[in-house]
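To start, the structure under review is shown below, and the notes come after it.
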Amino acid sequence: MRRLSAAVSLVLLSLLAVAVAQASLVALILLFSAVLKLNLTIELGLHYLHLSLPAAPYRPEVAVYNAGSIASVVFTAAGGAVAATWKFRRWRAPR
Amino acid sequence: MKGLLRLYPRWWRERYGREMEVLVDELPSRTGVALDLLLGAAMAYAFVIRENRILSAAGAYLHGVCVAVLLQAIGFVLLILYSERWPGGVNTDVALGPFHFAAVMWPIDFFGPRSLTQAQVTRWLPLDWLPAIGLLVVLVATLVVVMTAPRLLRTSR
């Protein structure tokens with residue numbers, strides 16, 4: 001039972017870390033869109049999150065599609081998992 | 001200032017707490033001292049994490065997540081720069097087979113201010129690139145700091 005609850009805690013904490021990381025990434029992209037004067041569209045399922053800049057009509061529109069959003073989450077989680085696995089295997093008790 | 005000592009791990013407080021309280025009482029209450037205490041607390045926790053395999057792996061997980069976020073931010077800025085490689089911009093699509101991940105679409109500028117001469121001048125004076133290049137430099141510098149932070153923490157003991 002202890003192992004099961006530890007495993008569930010591990011999964012929930014890792015999901016929380018990925019959620020916070022993705023929220024930071026979205027905030028960074030919003031900031032970059034403001035700095036670079038871009039019109040930004042993020043597709044989330046059947047919805048679009050759209051940030052437009054009417055004062056700069058000749059600026060490009062950047063669109064992130066569903067596949068891109070999913071790939072981003074998978075990449076972030078995979079990055080953490082690879083680093084954790086590598087550290088877990090290479091860990092040696094300090095002298 | 002003594003309140004900052006509560007940030008240290010329990011084993012550290014039991015071992016060095018009293019001596020540290022006497023020392024903190026003698027030191028002036030300055031920002032530098034507070035920063036030293038905070039850094040000391042971080043080093044003490046880093047020691048605890050290094051001693052434990054699971055905690056080390058958890059720390060590495062968070063580190064890997066941060067690196068992944070920075071790499072994606074760098075990729076975003078590089079995509080914008082790549083689409084700006086020609087005056088007026090080039091529509092760029094990031095796709096793998098049937099999956100489209102992202103795209104940059106430039107408006108068609110029928111009555112834009114750029115003449116052929118202006119377009120040629122812009123090619124040699126890419127001022128539009130400067131904000132993106134500035135962001136890229138900041139992101140790459142941050143990535144270098146994040147990647148080298150564990151080694152710096154280990155060698156600063």
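Ligands are numbered from 1 in the order shown, chains are lettered A, B, ... in the order of the structure tokens, and residues start at 1 in each chain.
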Residues within 12 Å of B:Leu96, please, as a list in words. Count only C-alpha atoms; anything in the same chain fewer than 5 positions from it doesn't count. Ala67, Gly68 and Ala71 of chain A; Phe101 and Ala102 of chain B
Which chain A residues are at most 9 Å from chain B (counting only C-alpha atoms), as an MDAnalysis selection string? chainID A and resid 14 17:18 21:22 24:25 28:29 32 35:36 57:72 75:89 91:94
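Inside stretch 47-151 of chain B, the residues DSSP reads as strand (DSSP E or B) when given the backbone are B:Thr92, B:Asp93, B:Val94, B:Ala95, B:Leu96, B:Phe99, B:His100, B:Phe101, B:Ala102, B:Ala103, B:Val104, B:Met105.
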Please indicate the distance in Å from atom CA of B:Val48 to atom CA of B:Leu143, rounded to one decimal place.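 Those two atoms sit 25.3 Å apart.
Those residues that approach B:Tyr45 to within 10 Å, counting only C-alpha atoms, are Leu7, Tyr8, Pro9, Trp12, Leu39 and Glu51 of chain B; same-chain residues fewer than 6 positions away are not listed.
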With N, CA, C and O atoms retained, write the just-selected residues as a JSON list (two decimals), in the first residue's frame.
[["chain", "number", "residue", "atom", "x", "y", "z"],
["B", 7, "LEU", "N", 15.15, 28.00, 7.90],
["B", 7, "LEU", "CA", 15.11, 27.45, 6.54],
["B", 7, "LEU", "C", 16.04, 26.24, 6.39],
["B", 7, "LEU", "O", 15.92, 25.48, 5.44],
["B", 8, "TYR", "N", 17.00, 26.11, 7.33],
["B", 8, "TYR", "CA", 17.98, 25.03, 7.21],
["B", 8, "TYR", "C", 17.35, 23.69, 7.58],
["B", 8, "TYR", "O", 16.39, 23.64, 8.34],
["B", 9, "PRO", "N", 17.90, 22.57, 7.08],
["B", 9, "PRO", "CA", 17.34, 21.24, 7.42],
["B", 9, "PRO", "C", 17.47, 20.96, 8.92],
["B", 9, "PRO", "O", 18.32, 21.54, 9.60],
["B", 12, "TRP", "N", 20.83, 19.82, 10.35],
["B", 12, "TRP", "CA", 21.81, 20.90, 10.38],
["B", 12, "TRP", "C", 21.56, 21.79, 11.60],
["B", 12, "TRP", "O", 22.51, 22.18, 12.29],
["B", 39, "LEU", "N", 21.83, 31.32, 0.85],
["B", 39, "LEU", "CA", 22.68, 30.45, 0.03],
["B", 39, "LEU", "C", 23.13, 29.24, 0.84],
["B", 39, "LEU", "O", 23.16, 28.11, 0.33],
["B", 51, "GLU", "N", 22.60, 13.10, -1.12],
["B", 51, "GLU", "CA", 22.77, 11.88, -0.33],
["B", 51, "GLU", "C", 21.72, 10.82, -0.65],
["B", 51, "GLU", "O", 21.88, 9.66, -0.29]]
So which residues of chain A fall under helix (DSSP H, G or I) by DSSP, listed as a VMD selection string? chain A and resid 2 to 36 66 to 90
Selection to disk with C-alpha atoms, as a tab-separated table (two decimals), in the first residue's frame:
chain	number	residue	atom	x	y	z
A	2	ARG	CA	2.86	2.34	0.84
A	3	ARG	CA	4.53	1.64	-2.48
A	4	LEU	CA	1.27	2.28	-4.34
A	5	SER	CA	0.68	5.60	-2.57
A	6	ALA	CA	4.32	6.58	-3.19
A	7	ALA	CA	3.95	5.75	-6.90
A	8	VAL	CA	0.70	7.75	-7.15
A	9	SER	CA	2.34	10.71	-5.38
A	10	LEU	CA	5.27	10.50	-7.79
A	11	VAL	CA	2.99	10.56	-10.83
A	12	LEU	CA	0.87	13.44	-9.50
A	13	LEU	CA	3.93	15.55	-8.57
A	14	SER	CA	5.53	14.96	-11.97
A	15	LEU	CA	2.27	15.99	-13.71
A	16	LEU	CA	2.16	19.10	-11.54
A	17	ALA	CA	5.74	19.97	-12.47
A	18	VAL	CA	4.94	19.58	-16.19
A	19	ALA	CA	1.77	21.70	-15.82
A	20	VAL	CA	3.70	24.51	-14.13
A	21	ALA	CA	6.44	24.27	-16.78
A	22	GLN	CA	3.90	24.46	-19.63
A	23	ALA	CA	2.19	27.46	-18.01
A	24	SER	CA	5.61	29.17	-17.82
A	25	LEU	CA	6.24	28.35	-21.48
A	26	VAL	CA	2.88	29.85	-22.51
A	27	ALA	CA	3.69	32.97	-20.47
A	28	LEU	CA	7.11	33.20	-22.19
A	29	ILE	CA	5.53	32.84	-25.63
A	30	LEU	CA	2.96	35.54	-24.81
A	31	LEU	CA	5.79	37.81	-23.70
A	32	PHE	CA	7.78	37.10	-26.87
A	33	SER	CA	4.69	37.78	-28.99
A	34	ALA	CA	4.32	41.17	-27.31
A	35	VAL	CA	8.04	42.01	-27.75
A	36	LEU	CA	8.23	40.82	-31.37
A	66	ASN	CA	-3.05	20.83	-31.51
A	67	ALA	CA	-0.19	18.60	-32.57
A	68	GLY	CA	2.28	21.28	-31.50
A	69	SER	CA	0.64	21.68	-28.07
A	70	ILE	CA	0.67	17.92	-27.50
A	71	ALA	CA	4.25	17.62	-28.75
A	72	SER	CA	5.29	20.41	-26.38
A	73	VAL	CA	3.78	18.66	-23.33
A	74	VAL	CA	5.33	15.33	-24.36
A	75	PHE	CA	8.73	16.95	-24.95
A	76	THR	CA	8.70	18.65	-21.55
A	77	ALA	CA	7.69	15.47	-19.72
A	78	ALA	CA	10.20	13.42	-21.72
A	79	GLY	CA	12.99	15.88	-20.91
A	80	GLY	CA	12.32	15.51	-17.21
A	81	ALA	CA	11.94	11.72	-17.42
A	82	VAL	CA	15.21	11.27	-19.34
A	83	ALA	CA	17.13	13.46	-16.87
A	84	ALA	CA	15.63	11.65	-13.86
A	85	THR	CA	16.34	8.20	-15.31
A	86	TRP	CA	19.92	9.14	-16.19
A	87	LYS	CA	20.54	10.52	-12.70
A	88	PHE	CA	18.89	7.53	-11.01
A	89	ARG	CA	21.14	5.09	-12.88
A	90	ARG	CA	24.34	7.12	-12.46
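Put simply, atom CA of A:Gly45 is 22.6 Å away from atom CA of B:Gly75.
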For A:Asn39, list every protein, DNA or RNA residue within 6 Å, evaluated using only C-alpha atoms, and leave out those in the same chain fewer than 5 positions away; present the list as a ChimeraX atom specification. /A:51-53,61
Only all heavy atoms, please: the residues just picked out, written as a PDB file, in the first residue's frame.
ATOM      1  N   LEU A  51      -4.363  36.022 -29.820  1.00  0.00           N
ATOM      2  CA  LEU A  51      -3.836  37.303 -29.352  1.00  0.00           C
ATOM      3  C   LEU A  51      -3.529  38.118 -30.600  1.00  0.00           C
ATOM      4  O   LEU A  51      -2.620  37.770 -31.350  1.00  0.00           O
ATOM      5  CB  LEU A  51      -2.548  37.026 -28.565  1.00  0.00           C
ATOM      6  CG  LEU A  51      -2.141  38.020 -27.504  1.00  0.00           C
ATOM      7  CD1 LEU A  51      -3.061  37.934 -26.314  1.00  0.00           C
ATOM      8  CD2 LEU A  51      -0.719  37.737 -27.062  1.00  0.00           C
ATOM      9  N   SER A  52      -4.258  39.192 -30.825  1.00  0.00           N
ATOM     10  CA  SER A  52      -4.046  39.955 -32.060  1.00  0.00           C
ATOM     11  C   SER A  52      -3.530  41.347 -31.743  1.00  0.00           C
ATOM     12  O   SER A  52      -3.680  41.861 -30.626  1.00  0.00           O
ATOM     13  CB  SER A  52      -5.339  40.058 -32.857  1.00  0.00           C
ATOM     14  OG  SER A  52      -6.290  40.777 -32.110  1.00  0.00           O
ATOM     15  N   LEU A  53      -2.895  41.944 -32.740  1.00  0.00           N
ATOM     16  CA  LEU A  53      -2.268  43.253 -32.595  1.00  0.00           C
ATOM     17  C   LEU A  53      -2.788  44.163 -33.713  1.00  0.00           C
ATOM     18  O   LEU A  53      -2.146  44.297 -34.750  1.00  0.00           O
ATOM     19  CB  LEU A  53      -0.751  43.071 -32.696  1.00  0.00           C
ATOM     20  CG  LEU A  53       0.140  44.154 -32.111  1.00  0.00           C
ATOM     21  CD1 LEU A  53      -0.051  44.265 -30.615  1.00  0.00           C
ATOM     22  CD2 LEU A  53       1.593  43.840 -32.423  1.00  0.00           C
ATOM     23  N   GLU A  61       1.415  36.210 -38.346  1.00  0.00           N
ATOM     24  CA  GLU A  61       0.613  35.464 -37.387  1.00  0.00           C
ATOM     25  C   GLU A  61       1.318  34.139 -37.115  1.00  0.00           C
ATOM     26  O   GLU A  61       1.687  33.422 -38.051  1.00  0.00           O
ATOM     27  CB  GLU A  61      -0.787  35.202 -37.921  1.00  0.00           C
ATOM     28  CG  GLU A  61      -1.587  34.302 -36.987  1.00  0.00           C
ATOM     29  CD  GLU A  61      -3.073  34.315 -37.247  1.00  0.00           C
ATOM     30  OE1 GLU A  61      -3.537  35.185 -37.987  1.00  0.00           O
ATOM     31  OE2 GLU A  61      -3.746  33.437 -36.690  1.00  0.00           O
TER      32      GLU A  61
END
Expressed in Å to a single decimal, how great is the separation between atom CA of B:Leu38 and atom CA of B:Thr148?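 Here the two named atoms are 20.2 Å from each other.
Once stretch 20-37 of chain B and its same-chain neighbours fewer than 5 positions away are set aside, B:Met1, B:Lys2, B:Leu4, B:Leu5, B:Leu7, B:Tyr8, B:Arg13, B:Ala42 remain within 9 Å of it when counting only C-alpha atoms.
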Go ahead and save the residues from that selection, with N, CA, C and O atoms, as a PDB file, in the first residue's frame.
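Below is the file part.pdb, written as the result:
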ATOM      1  N   MET B   1      16.827  38.100  11.278  1.00  0.00           N
ATOM      2  CA  MET B   1      17.933  37.323  10.706  1.00  0.00           C
ATOM      3  C   MET B   1      17.938  35.900  11.243  1.00  0.00           C
ATOM      4  O   MET B   1      18.198  34.951  10.500  1.00  0.00           O
ATOM      5  N   LYS B   2      17.643  35.746  12.528  1.00  0.00           N
ATOM      6  CA  LYS B   2      17.634  34.396  13.123  1.00  0.00           C
ATOM      7  C   LYS B   2      16.538  33.548  12.507  1.00  0.00           C
ATOM      8  O   LYS B   2      16.653  32.324  12.458  1.00  0.00           O
ATOM      9  N   LEU B   4      15.835  33.237   9.501  1.00  0.00           N
ATOM     10  CA  LEU B   4      16.340  32.575   8.293  1.00  0.00           C
ATOM     11  C   LEU B   4      16.984  31.231   8.621  1.00  0.00           C
ATOM     12  O   LEU B   4      17.070  30.355   7.760  1.00  0.00           O
ATOM     13  N   LEU B   5      17.414  31.057   9.867  1.00  0.00           N
ATOM     14  CA  LEU B   5      18.026  29.774  10.245  1.00  0.00           C
ATOM     15  C   LEU B   5      17.006  28.650  10.254  1.00  0.00           C
ATOM     16  O   LEU B   5      17.378  27.471  10.145  1.00  0.00           O
ATOM     17  N   LEU B   7      15.151  28.003   7.901  1.00  0.00           N
ATOM     18  CA  LEU B   7      15.107  27.449   6.542  1.00  0.00           C
ATOM     19  C   LEU B   7      16.038  26.243   6.388  1.00  0.00           C
ATOM     20  O   LEU B   7      15.918  25.478   5.443  1.00  0.00           O
ATOM     21  N   TYR B   8      16.998  26.110   7.327  1.00  0.00           N
ATOM     22  CA  TYR B   8      17.978  25.028   7.213  1.00  0.00           C
ATOM     23  C   TYR B   8      17.348  23.686   7.578  1.00  0.00           C
ATOM     24  O   TYR B   8      16.388  23.638   8.345  1.00  0.00           O
ATOM     25  N   ARG B  13      20.265  22.078  11.835  1.00  0.00           N
ATOM     26  CA  ARG B  13      19.932  22.939  12.975  1.00  0.00           C
ATOM     27  C   ARG B  13      20.299  22.269  14.299  1.00  0.00           C
ATOM     28  O   ARG B  13      20.774  22.930  15.228  1.00  0.00           O
ATOM     29  N   ALA B  42      20.373  26.746   0.946  1.00  0.00           N
ATOM     30  CA  ALA B  42      20.275  26.024  -0.331  1.00  0.00           C
ATOM     31  C   ALA B  42      21.360  24.956  -0.433  1.00  0.00           C
ATOM     32  O   ALA B  42      21.109  23.828  -0.878  1.00  0.00           O
TER      33      ALA B  42
END
